[in-house]
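A.B. asks: Please see the structure below; I have some questions.
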Protein chains: 2
Amino acid sequence: MITGKNYIGFEVSAKGDTTFKTFNPATNKENEQLIVEATPQEIEEACELAADAFKVYRKMPGVKRAAFLLAIAEGIMELGDLLLDTYCMESGLPKGRAEGERGRTVGQLQMFAELIETEDWREPSKNSAEANTRKMLIPIGPVAVFGASNFPLAYSTAGGDTASALAAGNPVIVKSHPMHAQTGELVALAIYNAAHKTGMPEGVFSNLNSQGVEVGQQLVLNKYIKAVGFTGSIKGGRALYDLAATREEPIPVFAEMGSINPVVITQKALETRSAEIANTYADSITLGVGQFCTNPGLLLILKSELSSSFVETLGKKLSKKPSFYMLHPNIHAGYQGNKNKMITHEAVTKISEAELSSVPNTAAPALVTVDGAKFLKHDALHQEVFGPFSMVVQCEDEAERIRIIESLEGQLTGTIIAEKSDEAKLAPLFEALQSRVGRVVFNGVPTGVEVCDAMTHGGPYPSSTDSRFTAVGIGAIRRWVRPFSYQNVPKSLLPEILK
Amino acid sequence: MITGKNYIGFEVSAKGDTTFKTFNPATNKENEQLIVEATPQEIEEACELAADAFKVYRKMPGVKRAAFLLAIAEGIMELGDLLLDTYCMESGLPKGRAEGERGRTVGQLQMFAELIETEDWREPSKNSAEANTRKMLIPIGPVAVFGASNFPLAYSTAGGDTASALAAGNPVIVKSHPMHAQTGELVALAIYNAAHKTGMPEGVFSNLNSQGVEVGQQLVLNKYIKAVGFTGSIKGGRALYDLAATREEPIPVFAEMGSINPVVITQKALETRSAEIANTYADSITLGVGQFCTNPGLLLILKSELSSSFVETLGKKLSKKPSFYMLHPNIHAGYQGNKNKMITHEAVTKISEAELSSVPNTAAPALVTVDGAKFLKHDALHQEVFGPFSMVVQCEDEAERIRIIESLEGQLTGTIIAEKSDEAKLAPLFEALQSRVGRVVFNGVPTGVEVCDAMTHGGPYPSSTDSRFTAVGIGAIRRWVRPFSYQNVPKSLLPEILK
């Protein structure tokens with residue numbers, strides 16, 4: 001079933017001769033299957049097919065598009081163990097995680113299918129029957145989707161970007177993530193089969209392989225592409241954002257990027273349940289080997305005797321966490337490099353670093369601590385270390401803690417760990433966090449992003465390129481639609497919902 | 001009352017020594033008042049004050065912000081004839097237009113005031129009382145507003161961008177349009193008084209004078225500015241868009257720019273009411289001396305005997321229209337130059353050009369015609385001529401007409417003039433237009449943009465830089481807000497609407 005080829009509309013295509021392989025971190029070996037890079041001609045074909053498909057797909061009744069999404073979800077389930085095993089083979093992640101992420105992916109498709117079974121999501125204007133002008137949301141055009149390395153399913157080929165763009169009536173072209181190109185192809189096959197089965201136009205979906213940056217660049221510059229969805233590094237997202245801004249017709253790029261997700265722990269919370277918090281956060285920091293964009297990379301506490309003992313406790317708990325494979329040798333190398341930069345930074349004190357396992361590609365969790373004043377002074381300490389790493393900042397007082405929060409770049413999340421008796425005094429902390437993040441969590445962990453109506457997964461730059469949108473939840477569809485007004489349009493040409 | 005100075009928060013300020021004057025097209029003379037350009041220091045002060053004001057203003061109850069907006073509207077009315085006369089003195093537009101535009105401006109402020117008297121505009125999530133995660137829209141931060149030359153009130157200092165940004169809870173810094181800096185100052189004074197009267201924080205509004213591009217550039221690059229609203233030329237809007245994309249933290253720029261607003265007239269409509277259509281369109285093309293972004297600059301008809309006679313009739317009607325002052329000698333010169341480029345283009349036939357009046361700064365309407373095939377061939381013919389100019393394209397057949405629509409750049413509006421009996425066959429035309437525009441009008445004219453919930457004033461690039469938003473109507477507020485999620489947040493810290 002896995003060919004290593006591209007899906008260009010309804011064709012399986014391999015016109016190029018540049019190939020690459022994916023990697024199994026658990027065996028420390030390349031996987032055998034050759035993956036064939038898409039050629040400029042294949043990219044152009046995919047874009048032209050998408051533009052043609054858009055003319056038909058945008059007009060299809062919501063129930064038909066919903067059937068397509070549901071068929072994709074079914075197809076993904078039908079891939080069974082082959083998909084799960086391929087996922088594990090290309091990510092080093094355990095099968096339980098593969099199953100969980102598959103469930104999330106299928107759930108997202110089902111959520112958007114349910115959303116578009118009626119037309120309310122189009123936000124039809126509420127004018128009376130006699131109104132001269134009516135409005136609703138319509139799809140923007142073909143969307144290019146760049147999947148994430150750390151979510152081979154839920155933020156990749158048929159992930160949230162694809163599901164929301166297809167739901168809105170936009171064809172999608174996926175630039176498959178090179179680290180899990182086989183997983184991507186299997187999902188592309190499920191989409192291809194679903195498109196056939198539910199009578200979708202050719203070009204409603206294409207899947208392009210690429211290890212370098214050229215395929216993505218050509219895709220973003222193609223005139224038929226009207227929007228871009230990206231999940232990944234700041235460097236990658238910003239490069240696509242900048243490229244799109246150079247187009248004759250600039251297009252929106254929604255990139256969900258890095259974040260260190262500050263966590264504020266009040267003095268009272270430390271006094272009351274220091275060990276419990278250390279336990280919870282040792283888990284959150286190492287969940288998925290720290291490879292989540294919502295990983296808590298920055299804990300802000302007040303300096304005291306308690307703070308030293310909390311840091312020690314958390315460090316000990318982290319050092320006892322088992323090492324586990326990271327997604328890819330490159331990501332592992334990135335973690336080692338960035339972690340070492342932090343550990344060896346003159347302003348920083350290393351608290352603990354689990355012993356590096358002799359097993360290749362496994363990551364040892366690490367914890368460092370730094371004074372608030374020094375943290376404020378050194379911007380280098382504000383950078384994300386992608387992996388099971390965290391930094392505890394010991395602040396002189398509440399005012400310094402707030403200054404630190406205000407000095408942070410934009411974040412996906414901010415968390416407050418507090419006691420009931422703290423509440424009356426939390427407003428300044430809450431407001432400072434609110435200005436820098438897309439979501440505030442109380443007495444919980446930032447990891448785990450619930451897929452629901454009320455979710456915001458995005459935030460001020462660089463956590464996303466446009467804080468006005470969310471990548472997760474029903475609101476994600478808003479990235480791919482535009483308002484359109486019908487003035488004095490005869491009923492025969494009005495959509496049903498506006499009549 | 002007019003000082004020519006800048007409003008920096010609550011200070012009237014003129015630290016610079018670069019000055020300029022506005023111009024009265026009707027007397028063909030500069031107006032006497034010296035206007036003082038804002039200095040880099042004044043710009044920085046305005047931005048810092050805005051950032052400070054944001055911390056307070058964003059939290060104010062909607063009813064307080066509403067009172068501020070209503071006080072601005074009152075203040076504008078209280079300026080009485082001084083405002084109207086200054087408006088006319090700086091634009092050459094008649095007093096009736098000044099009054100009409102003032103009414104629109106005041107109406108917009110009142111509409112947004114009404115909107116924010118309850119918190120429903122925040123789109124609070126509809127979860128149950130037990131829900132763990134809630135969401136609503138919050139303001140994005142200080143907004144820089146660049147007013148339009150052709151709407152000294154409704155799209156300028158207290159126009160739609162300012163009203164919607166202030167309504168959402170964002171401070172606003174206006175880069176006043178140099179052609180009507182005195183009008184701008186009067187409105188700034190009304191905002192200043194309203195801010196005082198209703199207890200707004202200093203920095204909630206500033207007004208900067210500038211004739212060149214430097215003030216605007218510095219403003220867009222300032223780190224405290226979080227979004228930009230612009231109405232004007234493609235060149236100006238794109239320059240700001242490009243500049244904002246170079247920032248370390250890129251920010252959204254919503255620019256509403258050029259448009260030629262294609263109008264399709266069916267053969268049956270021509271057969272039935274050719275003279276009436278010519279009448280209506282002679283009026284629409286010359287309304288406001290053609291200085292509207294929704295001016296119908298392109299009429300698409302099918303080639304026939306009827307088409308020639310329609311073109312002749314429309315040409316005659318246009319040539320009889322009285323000349324009137326354009327807004328400024330520069331705009332007049334631009335019109336003359338661009339019109340002449342079209343008239344002398346090898347592919348184009350001039351139908352009529354009213355005699356150029358000897359009165360300086362007045363514009364003579366002009367009409368040209370061109371074959372569909374030639375129009376398709378020459379991109380130069382697709383460009384906007386800002387003023388009372390229109391081009392009739394005579395298409396070989398319906399297929400060519402649709403190809404032409406598909407070849408157009410993005411537009412604010414598209415219009416279809418058709419008979420009842422055409423309706424069954426209009427879907428392809430309608431769909432082609434829908435793909436290129438933000439609003440389709442049936443049997444009407446594109447000029448006249450109603451301020452209502454159902455309005456879309458925006459569209460695919462270059463009619464706007466982001467088709468996902470509208471500059472007019474209640475939806476305009478969406479440009480300046482971002483979703484924010486409250487996860488497990490205690491009731492005492494939740495906004496009332498989310499409890």
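Identifiers for the structure tokens are assigned positionally: chains receive A, B, ... in sequence, residues are indexed from 1 per chain, and ligands are indexed from 1 in the order shown.
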Extract the full set of alpha helix (DSSP H) residues from segment 53-169 of chain B according to DSSP on the backbone, and format it as a PyMOL selection string.
C.D. replies: chain B and resi 53-57+62-78+80-91+95-115+160-168
A.B. asks: Hey, list the chain B side of the contact with chain A: 7 Å cut-off, only C-alpha atoms, answer as JSON, numbers by chain.
C.D. replies: {"B": [125, 133, 134, 135, 242, 245, 249, 427, 438, 439, 440, 441, 442, 453, 454, 455, 456, 461, 467, 468, 469, 481, 482, 483, 484, 485, 486, 487, 488, 489, 493]}
A.B. asks: Can I get the selection written as a compact mmCIF listing (two decimals), in the first residue's frame, with N, CA, C and O atoms?
C.D. replies:
```txt
# COMPACT_ATOMS: atom_id res chain seq x y z
N SER B 125 -18.24 31.67 24.40
CA SER B 125 -18.52 30.27 24.11
C SER B 125 -19.78 29.86 24.84
O SER B 125 -20.10 30.38 25.90
N THR B 133 -13.56 24.97 30.13
CA THR B 133 -12.91 25.95 29.27
C THR B 133 -13.96 26.86 28.64
O THR B 133 -14.97 26.39 28.13
N ARG B 134 -13.71 28.17 28.70
CA ARG B 134 -14.59 29.17 28.11
C ARG B 134 -13.76 30.06 27.20
O ARG B 134 -12.56 30.18 27.36
N LYS B 135 -14.44 30.72 26.29
CA LYS B 135 -13.70 31.54 25.33
C LYS B 135 -14.46 32.81 25.02
O LYS B 135 -15.69 32.83 25.02
N ASP B 242 3.85 45.46 3.49
CA ASP B 242 5.21 44.91 3.36
C ASP B 242 6.06 45.30 4.57
O ASP B 242 6.84 44.49 5.08
N ALA B 245 5.29 43.31 7.64
CA ALA B 245 5.77 41.93 7.54
C ALA B 245 7.25 41.82 7.85
O ALA B 245 7.75 40.73 8.11
N GLU B 249 8.13 41.20 15.28
CA GLU B 249 6.80 40.66 15.55
C GLU B 249 5.87 41.18 14.46
O GLU B 249 5.40 42.32 14.53
N ALA B 427 -26.26 31.72 -13.09
CA ALA B 427 -25.37 31.11 -12.10
C ALA B 427 -23.89 31.19 -12.48
O ALA B 427 -23.06 31.58 -11.64
N GLY B 438 -16.00 40.89 -2.96
CA GLY B 438 -16.52 40.74 -1.60
C GLY B 438 -18.03 40.93 -1.50
O GLY B 438 -18.64 40.54 -0.51
N ARG B 439 -18.62 41.54 -2.53
CA ARG B 439 -20.07 41.82 -2.49
C ARG B 439 -20.60 41.82 -3.92
O ARG B 439 -20.00 42.43 -4.79
N VAL B 440 -21.70 41.12 -4.14
CA VAL B 440 -22.36 41.17 -5.44
C VAL B 440 -23.67 41.95 -5.29
O VAL B 440 -24.43 41.73 -4.35
N VAL B 441 -23.89 42.88 -6.22
CA VAL B 441 -25.09 43.73 -6.23
C VAL B 441 -25.93 43.36 -7.46
O VAL B 441 -25.37 43.24 -8.55
N PHE B 442 -27.22 43.18 -7.25
CA PHE B 442 -28.11 42.94 -8.39
C PHE B 442 -28.92 44.18 -8.68
O PHE B 442 -29.50 44.80 -7.79
N ASP B 453 -25.06 45.12 9.49
CA ASP B 453 -24.52 43.83 9.90
C ASP B 453 -24.12 42.98 8.69
O ASP B 453 -23.14 42.25 8.75
N ALA B 454 -24.86 43.11 7.61
CA ALA B 454 -24.67 42.20 6.47
C ALA B 454 -23.70 42.73 5.43
O ALA B 454 -23.54 42.12 4.38
N MET B 455 -23.03 43.84 5.72
CA MET B 455 -22.14 44.43 4.71
C MET B 455 -20.77 43.78 4.74
O MET B 455 -20.20 43.52 5.79
N THR B 456 -20.23 43.53 3.54
CA THR B 456 -18.82 43.20 3.38
C THR B 456 -18.19 44.30 2.54
O THR B 456 -18.58 44.51 1.40
N TYR B 461 -7.47 40.24 -2.72
CA TYR B 461 -6.40 41.20 -3.03
C TYR B 461 -6.46 41.59 -4.50
O TYR B 461 -6.67 40.73 -5.33
N SER B 467 -8.94 39.21 2.67
CA SER B 467 -10.36 39.07 2.31
C SER B 467 -11.18 38.49 3.45
O SER B 467 -12.41 38.45 3.36
N ARG B 468 -10.53 38.07 4.53
CA ARG B 468 -11.29 37.43 5.61
C ARG B 468 -11.96 38.44 6.55
O ARG B 468 -12.59 38.04 7.53
N PHE B 469 -11.83 39.71 6.23
CA PHE B 469 -12.41 40.75 7.09
C PHE B 469 -13.16 41.78 6.26
O PHE B 469 -13.02 41.84 5.04
N VAL B 481 -9.52 42.04 17.21
CA VAL B 481 -9.73 41.20 18.39
C VAL B 481 -9.14 39.81 18.17
O VAL B 481 -8.91 39.40 17.04
N ARG B 482 -8.90 39.12 19.29
CA ARG B 482 -8.39 37.76 19.20
C ARG B 482 -9.15 36.88 20.18
O ARG B 482 -9.60 37.36 21.22
N PRO B 483 -9.29 35.60 19.86
CA PRO B 483 -9.96 34.72 20.82
C PRO B 483 -9.04 34.45 21.99
O PRO B 483 -7.82 34.40 21.84
N PHE B 484 -9.63 34.29 23.15
CA PHE B 484 -8.85 33.99 24.35
C PHE B 484 -9.62 32.96 25.17
O PHE B 484 -10.82 33.09 25.38
N SER B 485 -8.90 31.93 25.63
CA SER B 485 -9.55 30.84 26.37
C SER B 485 -9.21 30.88 27.84
O SER B 485 -8.04 31.07 28.21
N TYR B 486 -10.23 30.70 28.65
CA TYR B 486 -10.12 30.63 30.11
C TYR B 486 -10.34 29.17 30.50
O TYR B 486 -11.46 28.68 30.42
N GLN B 487 -9.28 28.50 30.91
CA GLN B 487 -9.42 27.09 31.26
C GLN B 487 -9.37 26.93 32.77
O GLN B 487 -8.36 27.25 33.40
N ASN B 488 -10.48 26.47 33.32
CA ASN B 488 -10.56 26.21 34.76
C ASN B 488 -10.33 27.48 35.60
O ASN B 488 -9.89 27.40 36.74
N VAL B 489 -10.61 28.63 35.01
CA VAL B 489 -10.37 29.90 35.70
C VAL B 489 -11.46 30.12 36.76
O VAL B 489 -12.64 29.94 36.47
N LEU B 493 -12.30 35.54 38.69
CA LEU B 493 -11.45 36.14 37.66
C LEU B 493 -12.07 36.07 36.26
O LEU B 493 -11.51 36.58 35.29
```
A.B. asks: With distances taken over only C-alpha atoms, which residue among B:Pro495, B:Asp397, B:Met257, B:Phe375 lies nearest Met60 of chain B?
C.D. replies: B:Pro495
A.B. asks: When you count only C-alpha atoms, which of these residues is closest to Val449 of chain A: A:Ile8, A:Ala399, A:Cys293, A:Ile191?
C.D. replies: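 Selected residue with least distance to Val449 of chain A: A:Cys293.
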A.B. asks: Assign secondary structure with DSSP using the backbone only, and return the residues of segment 393-498 of chain B in strand (DSSP E or B) as a list of chain:residue names.
C.D. replies: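 So the strand (DSSP E or B) residues in segment 393-498 of chain B would be B:Val393, B:Gln394, B:Cys395, B:Gln411, B:Leu412, B:Thr413, B:Gly414, B:Thr415, B:Ile416, B:Ile417, B:Val437, B:Gly438, B:Arg439, B:Val440, B:Val441, B:Phe442, B:Ser464, B:Val481, B:Arg482, B:Pro483, B:Phe484, B:Ser485, B:Tyr486, B:Gln487.
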A.B. asks: Rank A:Phe254, A:Phe68, A:Tyr87, A:Phe112 by their smallest atom-to-atom distance to Pro25 of chain A, using only C-alpha atoms, and report the top residue only.
C.D. replies: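 Of A:Phe254, A:Phe68, A:Tyr87, A:Phe112, the one nearest Pro25 of chain A is A:Tyr87, counting only C-alpha atoms.
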A.B. asks: Please identify all polymer residues within 9 Å of segment 155-157 of chain A, counting only C-alpha atoms, omitting same-chain residues fewer than 3 positions from it, and present them as a ChimeraX atom specification.
C.D. replies: /A:105,145-152,160-162,174-177,183-185,187-188,207,230-231
A.B. asks: To one decimal in Å, tell me the separation between atom CA of Asn28 of chain B and atom CA of Ala154 of chain B.
C.D. replies: 24.6 Å
A.B. asks: Which residue is closest to Val253 of chain B? Choose from B:Met391, B:Ala38, B:Ala239, B:Val213 and count only C-alpha atoms.
C.D. replies: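 Ranking B:Met391, B:Ala38, B:Ala239, B:Val213 by distance to Val253 of chain B, first place goes to B:Ala239.
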A.B. asks: Do you have the atom CA of Val359 of chain B-atom CA of Thr286 of chain B distance handy?
C.D. replies: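 The value is 17.4 Å.
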